[in-house]
$ cat data.pdb   # PDB, C-alpha atoms and all ligand atoms
ATOM      1  CA  MET A   1     -13.339  58.753 230.351  1.00  0.00           C
ATOM      2  CA  LYS A   2     -16.915  59.780 230.962  1.00  0.00           C
ATOM      3  CA  ILE A   3     -19.994  57.821 229.949  1.00  0.00           C
ATOM      4  CA  LYS A   4     -22.781  59.768 228.317  1.00  0.00           C
ATOM      5  CA  LYS A   5     -25.791  58.317 230.133  1.00  0.00           C
ATOM      6  CA  LYS A   6     -28.452  59.554 227.754  1.00  0.00           C
ATOM      7  CA  VAL A   7     -27.242  57.152 225.035  1.00  0.00           C
ATOM      8  CA  ILE A   8     -27.978  54.066 227.131  1.00  0.00           C
ATOM      9  CA  THR A   9     -31.598  53.929 228.171  1.00  0.00           C
ATOM     10  CA  LYS A  10     -33.002  50.425 227.802  1.00  0.00           C
ATOM     11  CA  LYS A  11     -31.148  47.606 229.502  1.00  0.00           C
ATOM     12  CA  LYS A  12     -33.105  44.904 227.691  1.00  0.00           C
ATOM     13  CA  VAL A  13     -32.025  46.240 224.340  1.00  0.00           C
ATOM     14  CA  MET A  14     -28.472  46.349 225.559  1.00  0.00           C
ATOM     15  CA  LYS A  15     -28.275  42.754 226.851  1.00  0.00           C
ATOM     16  CA  THR A  16     -26.411  41.481 223.816  1.00  0.00           C
ATOM     17  CA  PHE A  17     -23.925  44.307 224.162  1.00  0.00           C
ATOM     18  CA  VAL A  18     -23.114  43.100 227.688  1.00  0.00           C
ATOM     19  CA  LYS A  19     -22.442  39.558 226.420  1.00  0.00           C
ATOM     20  CA  SER A  20     -20.300  40.501 223.452  1.00  0.00           C
ATOM     21  CA  VAL A  21     -19.471  43.588 221.483  1.00  0.00           C
ATOM     22  CA  TRP A  22     -19.399  43.303 217.730  1.00  0.00           C
ATOM     23  CA  VAL A  23     -17.029  45.858 216.333  1.00  0.00           C
ATOM     24  CA  PHE A  24     -16.660  47.470 212.925  1.00  0.00           C
ATOM     25  CA  ASN A  25     -13.481  49.413 212.330  1.00  0.00           C
ATOM     26  CA  TRP A  26     -12.843  52.588 210.367  1.00  0.00           C
ATOM     27  CA  PHE A  27      -9.141  53.326 210.419  1.00  0.00           C
ATOM     28  CA  ASN A  28      -7.072  55.819 208.486  1.00  0.00           C
ATOM     29  CA  SER A  29      -3.323  56.075 208.292  1.00  0.00           C
ATOM     30  CA  CYS A  30      -1.373  54.703 211.275  1.00  0.00           C
ATOM     31  CA  GLY A  31      -4.665  54.449 213.147  1.00  0.00           C
ATOM     32  CA  PHE A  32      -4.683  50.849 211.981  1.00  0.00           C
ATOM     33  CA  THR A  33      -1.696  50.092 214.200  1.00  0.00           C
ATOM     34  CA  GLU A  34      -3.763  51.041 217.228  1.00  0.00           C
ATOM     35  CA  ILE A  35      -5.857  47.912 216.995  1.00  0.00           C
ATOM     36  CA  LEU A  36      -3.149  45.416 215.988  1.00  0.00           C
ATOM     37  CA  PRO A  37      -1.995  44.632 219.550  1.00  0.00           C
ATOM     38  CA  VAL A  38      -5.637  44.232 220.578  1.00  0.00           C
ATOM     39  CA  VAL A  39      -6.388  41.582 217.945  1.00  0.00           C
ATOM     40  CA  SER A  40      -3.068  39.786 218.208  1.00  0.00           C
ATOM     41  CA  SER A  41      -2.431  36.779 220.421  1.00  0.00           C
ATOM     42  CA  ARG A  42      -0.992  38.648 223.412  1.00  0.00           C
ATOM     43  CA  TRP A  43      -4.213  40.568 224.062  1.00  0.00           C
ATOM     44  CA  ASP A  44      -6.666  38.566 221.949  1.00  0.00           C
ATOM     45  CA  MET A  45      -9.772  40.731 222.080  1.00  0.00           C
ATOM     46  CA  GLU A  46     -12.110  37.796 221.431  1.00  0.00           C
ATOM     47  CA  ARG A  47     -11.333  36.519 224.930  1.00  0.00           C
ATOM     48  CA  PHE A  48     -13.185  39.572 226.197  1.00  0.00           C
ATOM     49  CA  GLY A  49     -16.139  39.205 223.859  1.00  0.00           C
ATOM     50  CA  LEU A  50     -15.021  41.733 221.280  1.00  0.00           C
ATOM     51  CA  VAL A  51     -15.568  40.404 217.781  1.00  0.00           C
ATOM     52  CA  ALA A  52     -14.554  42.164 214.575  1.00  0.00           C
ATOM     53  CA  VAL A  53     -17.348  41.953 212.005  1.00  0.00           C
ATOM     54  CA  ASN A  54     -17.221  42.499 208.282  1.00  0.00           C
ATOM     55  CA  SER A  55     -20.362  44.574 207.918  1.00  0.00           C
ATOM     56  CA  PRO A  56     -21.649  47.638 209.770  1.00  0.00           C
ATOM     57  CA  ARG A  57     -25.111  46.083 209.632  1.00  0.00           C
ATOM     58  CA  LYS A  58     -24.040  43.569 212.299  1.00  0.00           C
ATOM     59  CA  ALA A  59     -22.014  45.933 214.468  1.00  0.00           C
ATOM     60  CA  ASP A  60     -22.726  47.290 217.967  1.00  0.00           C
ATOM     61  CA  ALA A  61     -19.688  49.504 218.087  1.00  0.00           C
ATOM     62  CA  LEU A  62     -17.700  51.526 215.615  1.00  0.00           C
ATOM     63  CA  PHE A  63     -14.003  52.063 216.318  1.00  0.00           C
ATOM     64  CA  ILE A  64     -12.604  55.087 214.511  1.00  0.00           C
ATOM     65  CA  ALA A  65      -8.892  55.804 214.541  1.00  0.00           C
ATOM     66  CA  GLY A  66      -6.376  57.820 212.604  1.00  0.00           C
ATOM     67  CA  TYR A  67      -6.432  61.360 211.335  1.00  0.00           C
ATOM     68  CA  GLN A  68      -9.550  61.930 209.288  1.00  0.00           C
ATOM     69  CA  THR A  69     -10.477  64.205 206.420  1.00  0.00           C
ATOM     70  CA  PRO A  70     -13.945  65.535 205.536  1.00  0.00           C
ATOM     71  CA  LYS A  71     -13.980  62.991 202.695  1.00  0.00           C
ATOM     72  CA  SER A  72     -13.143  60.037 204.950  1.00  0.00           C
ATOM     73  CA  MET A  73     -15.705  61.202 207.516  1.00  0.00           C
ATOM     74  CA  LYS A  74     -18.399  60.983 204.835  1.00  0.00           C
ATOM     75  CA  ARG A  75     -17.621  57.263 204.626  1.00  0.00           C
ATOM     76  CA  ALA A  76     -17.670  57.022 208.432  1.00  0.00           C
ATOM     77  CA  GLN A  77     -21.102  58.656 208.436  1.00  0.00           C
ATOM     78  CA  GLN A  78     -22.354  56.122 205.892  1.00  0.00           C
ATOM     79  CA  ILE A  79     -21.024  53.295 208.056  1.00  0.00           C
ATOM     80  CA  TYR A  80     -22.654  54.775 211.158  1.00  0.00           C
ATOM     81  CA  GLU A  81     -26.009  55.110 209.393  1.00  0.00           C
ATOM     82  CA  GLN A  82     -25.911  51.453 208.352  1.00  0.00           C
ATOM     83  CA  MET A  83     -25.387  50.213 211.925  1.00  0.00           C
ATOM     84  CA  PRO A  84     -28.458  49.073 213.878  1.00  0.00           C
ATOM     85  CA  SER A  85     -29.351  50.954 217.076  1.00  0.00           C
ATOM     86  CA  PRO A  86     -28.261  51.066 219.818  1.00  0.00           C
ATOM     87  CA  LYS A  87     -24.763  51.784 218.544  1.00  0.00           C
ATOM     88  CA  PHE A  88     -21.639  53.257 220.035  1.00  0.00           C
ATOM     89  CA  VAL A  89     -18.744  55.113 218.496  1.00  0.00           C
ATOM     90  CA  PHE A  90     -15.364  54.847 220.179  1.00  0.00           C
ATOM     91  CA  ALA A  91     -12.788  57.339 218.938  1.00  0.00           C
ATOM     92  CA  LEU A  92      -9.262  56.049 219.353  1.00  0.00           C
ATOM     93  CA  GLY A  93      -6.163  58.162 219.656  1.00  0.00           C
ATOM     94  CA  ALA A  94      -5.153  61.793 219.698  1.00  0.00           C
ATOM     95  CA  CYS A  95      -5.880  62.281 216.004  1.00  0.00           C
ATOM     96  CA  THR A  96      -9.617  61.777 216.390  1.00  0.00           C
ATOM     97  CA  MET A  97      -9.759  64.418 219.139  1.00  0.00           C
ATOM     98  CA  THR A  98      -7.421  67.096 217.873  1.00  0.00           C
ATOM     99  CA  GLY A  99      -6.189  66.181 214.415  1.00  0.00           C
ATOM    100  CA  GLY A 100      -2.982  64.920 216.057  1.00  0.00           C
ATOM    101  CA  MET A 101       0.262  65.899 214.393  1.00  0.00           C
ATOM    102  CA  TYR A 102      -1.690  67.169 211.364  1.00  0.00           C
ATOM    103  CA  TRP A 103      -3.827  69.513 213.434  1.00  0.00           C
ATOM    104  CA  ASP A 104      -2.854  72.559 211.351  1.00  0.00           C
ATOM    105  CA  SER A 105      -3.622  70.981 207.988  1.00  0.00           C
ATOM    106  CA  TYR A 106      -6.497  72.556 206.073  1.00  0.00           C
ATOM    107  CA  ASN A 107      -7.868  69.105 205.376  1.00  0.00           C
ATOM    108  CA  THR A 108      -7.687  67.410 208.777  1.00  0.00           C
ATOM    109  CA  VAL A 109     -10.797  66.982 210.882  1.00  0.00           C
ATOM    110  CA  LYS A 110     -10.059  68.304 214.370  1.00  0.00           C
ATOM    111  CA  ARG A 111     -13.021  66.760 216.200  1.00  0.00           C
ATOM    112  CA  ILE A 112     -14.773  63.802 214.623  1.00  0.00           C
ATOM    113  CA  GLU A 113     -17.651  64.507 217.000  1.00  0.00           C
ATOM    114  CA  ASP A 114     -18.683  67.175 214.505  1.00  0.00           C
ATOM    115  CA  TYR A 115     -19.484  64.367 212.045  1.00  0.00           C
ATOM    116  CA  VAL A 116     -20.584  61.319 214.073  1.00  0.00           C
ATOM    117  CA  PRO A 117     -21.778  61.123 217.695  1.00  0.00           C
ATOM    118  CA  VAL A 118     -18.796  59.888 219.676  1.00  0.00           C
ATOM    119  CA  PHE A 119     -19.673  57.874 222.747  1.00  0.00           C
ATOM    120  CA  MET A 120     -16.201  57.699 224.194  1.00  0.00           C
ATOM    121  CA  TYR A 121     -12.764  59.056 223.336  1.00  0.00           C
ATOM    122  CA  ILE A 122      -9.795  56.848 224.160  1.00  0.00           C
ATOM    123  CA  PRO A 123      -6.655  58.977 224.492  1.00  0.00           C
ATOM    124  CA  GLY A 124      -3.130  58.036 223.477  1.00  0.00           C
ATOM    125  CA  CYS A 125      -0.855  58.016 220.475  1.00  0.00           C
ATOM    126  CA  PRO A 126      -1.585  55.222 219.996  1.00  0.00           C
ATOM    127  CA  PRO A 127      -3.874  54.249 222.896  1.00  0.00           C
ATOM    128  CA  ARG A 128      -2.666  51.319 224.955  1.00  0.00           C
ATOM    129  CA  PRO A 129      -4.644  48.079 224.530  1.00  0.00           C
ATOM    130  CA  GLU A 130      -5.532  48.324 228.234  1.00  0.00           C
ATOM    131  CA  ALA A 131      -7.192  51.681 227.567  1.00  0.00           C
ATOM    132  CA  ILE A 132      -9.288  50.226 224.752  1.00  0.00           C
ATOM    133  CA  PHE A 133     -10.409  47.285 226.877  1.00  0.00           C
ATOM    134  CA  ASP A 134     -11.048  49.606 229.802  1.00  0.00           C
ATOM    135  CA  ALA A 135     -13.287  51.852 227.706  1.00  0.00           C
ATOM    136  CA  VAL A 136     -15.400  48.967 226.432  1.00  0.00           C
ATOM    137  CA  HIS A 137     -15.492  47.395 229.882  1.00  0.00           C
ATOM    138  CA  LYS A 138     -16.730  50.646 231.436  1.00  0.00           C
ATOM    139  CA  VAL A 139     -19.668  50.701 229.049  1.00  0.00           C
ATOM    140  CA  ILE A 140     -20.453  47.013 229.653  1.00  0.00           C
ATOM    141  CA  VAL A 141     -20.381  47.450 233.454  1.00  0.00           C
ATOM    142  CA  HIS A 142     -22.517  50.550 233.211  1.00  0.00           C
ATOM    143  CA  VAL A 143     -25.121  48.769 231.093  1.00  0.00           C
ATOM    144  CA  ASP A 144     -25.049  45.726 233.364  1.00  0.00           C
ATOM    145  CA  GLU A 145     -25.668  47.858 236.434  1.00  0.00           C
ATOM    146  CA  LEU A 146     -28.686  49.618 234.976  1.00  0.00           C
ATOM    147  CA  PRO A 147     -31.881  48.721 236.838  1.00  0.00           C
ATOM    148  CA  ASP A 148     -34.226  46.259 235.126  1.00  0.00           C
ATOM    149  CA  GLU A 149     -37.236  47.898 233.550  1.00  0.00           C
TER
HETATM  150  S1  LIG A 201      -3.076  58.957 217.435  1.00  0.00           S
HETATM  151 FE1  LIG A 201      -0.931  58.502 216.913  1.00  0.00          FE
HETATM  152  S2  LIG A 201      -0.972  56.344 216.271  1.00  0.00           S
HETATM  153 FE2  LIG A 201      -3.078  57.091 216.212  1.00  0.00          FE
HETATM  154  S3  LIG A 201      -3.396  57.751 214.097  1.00  0.00           S
HETATM  155 FE3  LIG A 201      -2.743  59.544 215.289  1.00  0.00          FE
HETATM  156  S4  LIG A 201      -0.533  59.634 214.992  1.00  0.00           S
HETATM  157 FE4  LIG A 201      -1.186  57.576 214.419  1.00  0.00          FE
END
$ encode --input "data.pdb" --output "structure tokens"
Amino acid sequence: MKIKKKVITKKKVMKTFVKSVWVFNWFNSCGFTEILPVVSSRWDMERFGLVAVNSPRKADALFIAGYQTPKSMKRAQQIYEQMPSPKFVFALGACTMTGGMYWDSYNTVKRIEDYVPVFMYIPGCPPRPEAIFDAVHKVIVHVDELPDE
């Protein structure tokens, strides 16, 4: 997983992101199952500062999972536009990168990056909880290590 440096520029702005990441989810189909282990008691994402919020207006990060259609990506775009900057999109699972098992459908989006700017792809079908935590942790460490301005 590679971090796109140009997205993170100001450490001061990002301080709250380092302390806790407020997440809004946009899941289609079995994409929802990707996050269930992460929120359940075994992994308990709140221990790591990840909090699910009920409005994109409060969110730092947008998790997108599941195979998407042009229609569903319009909703994802609306969600993304409502989020305050700086904001990060994490794309979970094979379906967000390739269309997954529905790759040859006329109505499946093959790369959600064509619709919203994806900060990091997390591979897997579904991705392991460790991979999701690792992706968020990589961003947090990167932000934390930025020099003070
Ligand atoms: S990557 Fe796998 S688990 Fe996730 S939405 Fe696609 S088929 Fe379902």
$ closest_residue --input "data.pdb" --among "A:Val38, A:Val21, A:Val143, A:Met101" --to "ligand LIG 201 (chain A)" --atoms "all atoms listed in the file"
A:Met101
$ resolve_selection --input "data.pdb" --expression "the PyMOL selection byres (((not hetatm)) within 6 of (chain A and resi 201))" --output "PyMOL selection string"
chain A and resi 30-31+65-67+93-95+100+125-126
$ closest_residue --input "data.pdb" --among "A:Trp43, A:Tyr115, A:Phe88, A:Phe63" --to "A:Arg128" --atoms "only C-alpha atoms"
A:Trp43
$ closest_residue --input "data.pdb" --among "A:Pro70, A:Gly99, A:Pro37, A:Pro56" --to "A:Gln82" --atoms "only C-alpha atoms"
A:Pro56
$ residues_near_point --input "data.pdb" --point "(-22.8, 52.6, 215.9)" --cutoff "12 Å" --atoms "all atoms listed in the file" --output "VMD selection string"
chain A and resid 7 17 21 to 26 55 to 64 76 to 91 116 to 120
$ write_last_selection --input "data.pdb" --atoms "C-alpha atoms" --output "compact mmCIF listing (two decimals), keeping the file's coordinate frame"
# COMPACT_ATOMS: atom_id res chain seq x y z
CA VAL A 7 -27.24 57.15 225.04
CA PHE A 17 -23.92 44.31 224.16
CA VAL A 21 -19.47 43.59 221.48
CA TRP A 22 -19.40 43.30 217.73
CA VAL A 23 -17.03 45.86 216.33
CA PHE A 24 -16.66 47.47 212.92
CA ASN A 25 -13.48 49.41 212.33
CA TRP A 26 -12.84 52.59 210.37
CA SER A 55 -20.36 44.57 207.92
CA PRO A 56 -21.65 47.64 209.77
CA ARG A 57 -25.11 46.08 209.63
CA LYS A 58 -24.04 43.57 212.30
CA ALA A 59 -22.01 45.93 214.47
CA ASP A 60 -22.73 47.29 217.97
CA ALA A 61 -19.69 49.50 218.09
CA LEU A 62 -17.70 51.53 215.62
CA PHE A 63 -14.00 52.06 216.32
CA ILE A 64 -12.60 55.09 214.51
CA ALA A 76 -17.67 57.02 208.43
CA GLN A 77 -21.10 58.66 208.44
CA GLN A 78 -22.35 56.12 205.89
CA ILE A 79 -21.02 53.30 208.06
CA TYR A 80 -22.65 54.78 211.16
CA GLU A 81 -26.01 55.11 209.39
CA GLN A 82 -25.91 51.45 208.35
CA MET A 83 -25.39 50.21 211.92
CA PRO A 84 -28.46 49.07 213.88
CA SER A 85 -29.35 50.95 217.08
CA PRO A 86 -28.26 51.07 219.82
CA LYS A 87 -24.76 51.78 218.54
CA PHE A 88 -21.64 53.26 220.04
CA VAL A 89 -18.74 55.11 218.50
CA PHE A 90 -15.36 54.85 220.18
CA ALA A 91 -12.79 57.34 218.94
CA VAL A 116 -20.58 61.32 214.07
CA PRO A 117 -21.78 61.12 217.70
CA VAL A 118 -18.80 59.89 219.68
CA PHE A 119 -19.67 57.87 222.75
CA MET A 120 -16.20 57.70 224.19
$ resolve_selection --input "data.pdb" --expression "the PyMOL selection byres (((chain A and resi 132) around 9) and not hetatm)" --output "ChimeraX atom specification"
/A:35,38,90,92,122,127-131,133-137
$ atom_distance --input "data.pdb" --atom1 "atom CA of A:Thr69" --atom2 "atom CA of A:Met45"
28.2 Å
$ atom_distance --input "data.pdb" --atom1 "atom CA of A:Met97" --atom2 "atom CA of A:Arg111"
5.0 Å
$ axis_aligned_box --input "data.pdb" --around "stretch 78-91 of chain A" --padding-each-side "8 Å" --output "lines of an AutoDock Vina configuration file"
center_x = -21.1
center_y = 53.2
center_z = 213.0
size_x = 32.6
size_y = 24.3
size_z = 30.3
$ atom_distance --input "data.pdb" --atom1 "atom CA of A:Ile112" --atom2 "atom CA of A:Gly124"
15.7 Å
$ closest_residue --input "data.pdb" --among "A:Thr96, A:Arg47, A:Lys19, A:Ser41" --to "A:Pro123" --atoms "only C-alpha atoms"
A:Thr96
$ closest_residue --input "data.pdb" --among "A:Glu113, A:Tyr121, A:Val139, A:Lys71" --to "A:Ser20" --atoms "all atoms listed in the file"
A:Val139
$ closest_residue --input "data.pdb" --among "A:Thr98, A:Ile140, A:Met73, A:Val109" --to "A:Gly49" --atoms "only C-alpha atoms"
A:Ile140
$ decode --input "data.pdb" --residues "stretch 35-134 of chain A" --atoms "C-alpha atoms" --output "PDB file, in the first residue's frame"
ATOM      1  CA  ILE A  35     -16.334  -4.159   8.234  1.00  0.00           C
ATOM      2  CA  LEU A  36     -18.283  -6.438  10.597  1.00  0.00           C
ATOM      3  CA  PRO A  37     -15.212  -8.116  12.143  1.00  0.00           C
ATOM      4  CA  VAL A  38     -13.627  -4.683  12.573  1.00  0.00           C
ATOM      5  CA  VAL A  39     -16.534  -3.276  14.593  1.00  0.00           C
ATOM      6  CA  SER A  40     -17.238  -6.432  16.559  1.00  0.00           C
ATOM      7  CA  SER A  41     -15.799  -7.187  19.980  1.00  0.00           C
ATOM      8  CA  ARG A  42     -12.822  -9.267  18.829  1.00  0.00           C
ATOM      9  CA  TRP A  43     -11.233  -6.376  16.932  1.00  0.00           C
ATOM     10  CA  ASP A  44     -13.202  -3.439  18.344  1.00  0.00           C
ATOM     11  CA  MET A  45     -12.087  -0.591  16.108  1.00  0.00           C
ATOM     12  CA  GLU A  46     -12.846   2.058  18.736  1.00  0.00           C
ATOM     13  CA  ARG A  47      -9.861   0.801  20.734  1.00  0.00           C
ATOM     14  CA  PHE A  48      -7.712   2.150  17.920  1.00  0.00           C
ATOM     15  CA  GLY A  49      -9.492   5.480  17.664  1.00  0.00           C
ATOM     16  CA  LEU A  50     -11.699   4.615  14.719  1.00  0.00           C
ATOM     17  CA  VAL A  51     -15.226   5.862  15.280  1.00  0.00           C
ATOM     18  CA  ALA A  52     -18.166   5.270  12.953  1.00  0.00           C
ATOM     19  CA  VAL A  53     -20.169   8.471  12.505  1.00  0.00           C
ATOM     20  CA  ASN A  54     -23.676   8.939  11.219  1.00  0.00           C
ATOM     21  CA  SER A  55     -23.050  11.913   8.968  1.00  0.00           C
ATOM     22  CA  PRO A  56     -20.439  12.605   6.289  1.00  0.00           C
ATOM     23  CA  ARG A  57     -20.232  16.156   7.619  1.00  0.00           C
ATOM     24  CA  LYS A  58     -18.341  14.856  10.670  1.00  0.00           C
ATOM     25  CA  ALA A  59     -16.171  12.300   8.896  1.00  0.00           C
ATOM     26  CA  ASP A  60     -12.405  12.287   8.247  1.00  0.00           C
ATOM     27  CA  ALA A  61     -12.425   9.100   6.249  1.00  0.00           C
ATOM     28  CA  LEU A  62     -14.787   7.404   3.862  1.00  0.00           C
ATOM     29  CA  PHE A  63     -14.688   3.610   3.654  1.00  0.00           C
ATOM     30  CA  ILE A  64     -16.108   2.296   0.395  1.00  0.00           C
ATOM     31  CA  ALA A  65     -16.626  -1.413  -0.126  1.00  0.00           C
ATOM     32  CA  GLY A  66     -18.570  -3.718  -2.373  1.00  0.00           C
ATOM     33  CA  TYR A  67     -19.104  -3.739  -6.096  1.00  0.00           C
ATOM     34  CA  GLN A  68     -20.393  -0.374  -7.217  1.00  0.00           C
ATOM     35  CA  THR A  69     -22.551   0.838 -10.069  1.00  0.00           C
ATOM     36  CA  PRO A  70     -22.508   4.284 -11.713  1.00  0.00           C
ATOM     37  CA  LYS A  71     -25.728   5.016  -9.806  1.00  0.00           C
ATOM     38  CA  SER A  72     -24.275   4.053  -6.418  1.00  0.00           C
ATOM     39  CA  MET A  73     -21.106   6.032  -7.155  1.00  0.00           C
ATOM     40  CA  LYS A  74     -23.236   9.154  -7.613  1.00  0.00           C
ATOM     41  CA  ARG A  75     -24.294   8.734  -3.982  1.00  0.00           C
ATOM     42  CA  ALA A  76     -20.662   8.150  -2.974  1.00  0.00           C
ATOM     43  CA  GLN A  77     -19.713  11.383  -4.732  1.00  0.00           C
ATOM     44  CA  GLN A  78     -22.420  13.258  -2.831  1.00  0.00           C
ATOM     45  CA  ILE A  79     -21.121  11.816   0.437  1.00  0.00           C
ATOM     46  CA  TYR A  80     -17.546  12.763  -0.455  1.00  0.00           C
ATOM     47  CA  GLU A  81     -18.565  16.331  -1.300  1.00  0.00           C
ATOM     48  CA  GLN A  82     -20.288  16.716   2.069  1.00  0.00           C
ATOM     49  CA  MET A  83     -17.179  15.692   4.034  1.00  0.00           C
ATOM     50  CA  PRO A  84     -14.949  18.467   5.402  1.00  0.00           C
ATOM     51  CA  SER A  85     -11.340  18.640   4.172  1.00  0.00           C
ATOM     52  CA  PRO A  86      -8.876  17.091   4.672  1.00  0.00           C
ATOM     53  CA  LYS A  87     -10.612  13.815   3.875  1.00  0.00           C
ATOM     54  CA  PHE A  88      -9.468  10.371   2.884  1.00  0.00           C
ATOM     55  CA  VAL A  89     -11.129   7.639   0.892  1.00  0.00           C
ATOM     56  CA  PHE A  90     -10.181   4.054   1.654  1.00  0.00           C
ATOM     57  CA  ALA A  91     -11.375   1.531  -0.914  1.00  0.00           C
ATOM     58  CA  LEU A  92     -11.872  -1.895   0.597  1.00  0.00           C
ATOM     59  CA  GLY A  93     -11.746  -5.164  -1.262  1.00  0.00           C
ATOM     60  CA  ALA A  94     -11.196  -6.463  -4.757  1.00  0.00           C
ATOM     61  CA  CYS A  95     -14.529  -5.157  -6.020  1.00  0.00           C
ATOM     62  CA  THR A  96     -13.564  -1.513  -5.625  1.00  0.00           C
ATOM     63  CA  MET A  97     -10.381  -2.063  -7.654  1.00  0.00           C
ATOM     64  CA  THR A  98     -11.519  -4.364 -10.421  1.00  0.00           C
ATOM     65  CA  GLY A  99     -15.254  -4.905 -10.173  1.00  0.00           C
ATOM     66  CA  GLY A 100     -14.506  -8.230  -8.454  1.00  0.00           C
ATOM     67  CA  MET A 101     -16.520 -11.211  -9.598  1.00  0.00           C
ATOM     68  CA  TYR A 102     -18.836  -8.881 -11.549  1.00  0.00           C
ATOM     69  CA  TRP A 103     -15.997  -7.331 -13.520  1.00  0.00           C
ATOM     70  CA  ASP A 104     -17.600  -8.183 -16.877  1.00  0.00           C
ATOM     71  CA  SER A 105     -21.003  -6.721 -16.054  1.00  0.00           C
ATOM     72  CA  TYR A 106     -22.016  -3.701 -18.120  1.00  0.00           C
ATOM     73  CA  ASN A 107     -23.098  -1.951 -14.951  1.00  0.00           C
ATOM     74  CA  THR A 108     -20.178  -2.570 -12.592  1.00  0.00           C
ATOM     75  CA  VAL A 109     -17.658   0.158 -11.891  1.00  0.00           C
ATOM     76  CA  LYS A 110     -14.177  -1.274 -12.439  1.00  0.00           C
ATOM     77  CA  ARG A 111     -12.164   1.449 -10.696  1.00  0.00           C
ATOM     78  CA  ILE A 112     -13.928   3.684  -8.207  1.00  0.00           C
ATOM     79  CA  GLU A 113     -10.971   6.044  -8.548  1.00  0.00           C
ATOM     80  CA  ASP A 114     -12.674   7.263 -11.713  1.00  0.00           C
ATOM     81  CA  TYR A 115     -15.436   8.704  -9.506  1.00  0.00           C
ATOM     82  CA  VAL A 116     -13.864   9.689  -6.164  1.00  0.00           C
ATOM     83  CA  PRO A 117     -10.189  10.257  -5.291  1.00  0.00           C
ATOM     84  CA  VAL A 118      -9.066   7.092  -3.540  1.00  0.00           C
ATOM     85  CA  PHE A 119      -6.331   7.594  -0.986  1.00  0.00           C
ATOM     86  CA  MET A 120      -5.610   3.952  -0.357  1.00  0.00           C
ATOM     87  CA  TYR A 121      -6.810   0.613  -1.698  1.00  0.00           C
ATOM     88  CA  ILE A 122      -6.986  -2.261   0.769  1.00  0.00           C
ATOM     89  CA  PRO A 123      -6.837  -5.576  -1.097  1.00  0.00           C
ATOM     90  CA  GLY A 124      -8.646  -8.785  -0.219  1.00  0.00           C
ATOM     91  CA  CYS A 125     -11.964 -10.503  -0.703  1.00  0.00           C
ATOM     92  CA  PRO A 126     -12.827  -9.473   1.898  1.00  0.00           C
ATOM     93  CA  PRO A 127      -9.795  -7.641   3.332  1.00  0.00           C
ATOM     94  CA  ARG A 128      -8.596  -8.937   6.673  1.00  0.00           C
ATOM     95  CA  PRO A 129      -9.262  -6.655   9.663  1.00  0.00           C
ATOM     96  CA  GLU A 130      -5.481  -6.437  10.135  1.00  0.00           C
ATOM     97  CA  ALA A 131      -5.174  -4.972   6.639  1.00  0.00           C
ATOM     98  CA  ILE A 132      -7.780  -2.311   7.390  1.00  0.00           C
ATOM     99  CA  PHE A 133      -6.089  -1.331  10.646  1.00  0.00           C
ATOM    100  CA  ASP A 134      -2.707  -1.397   8.941  1.00  0.00           C
TER     101      ASP A 134
END
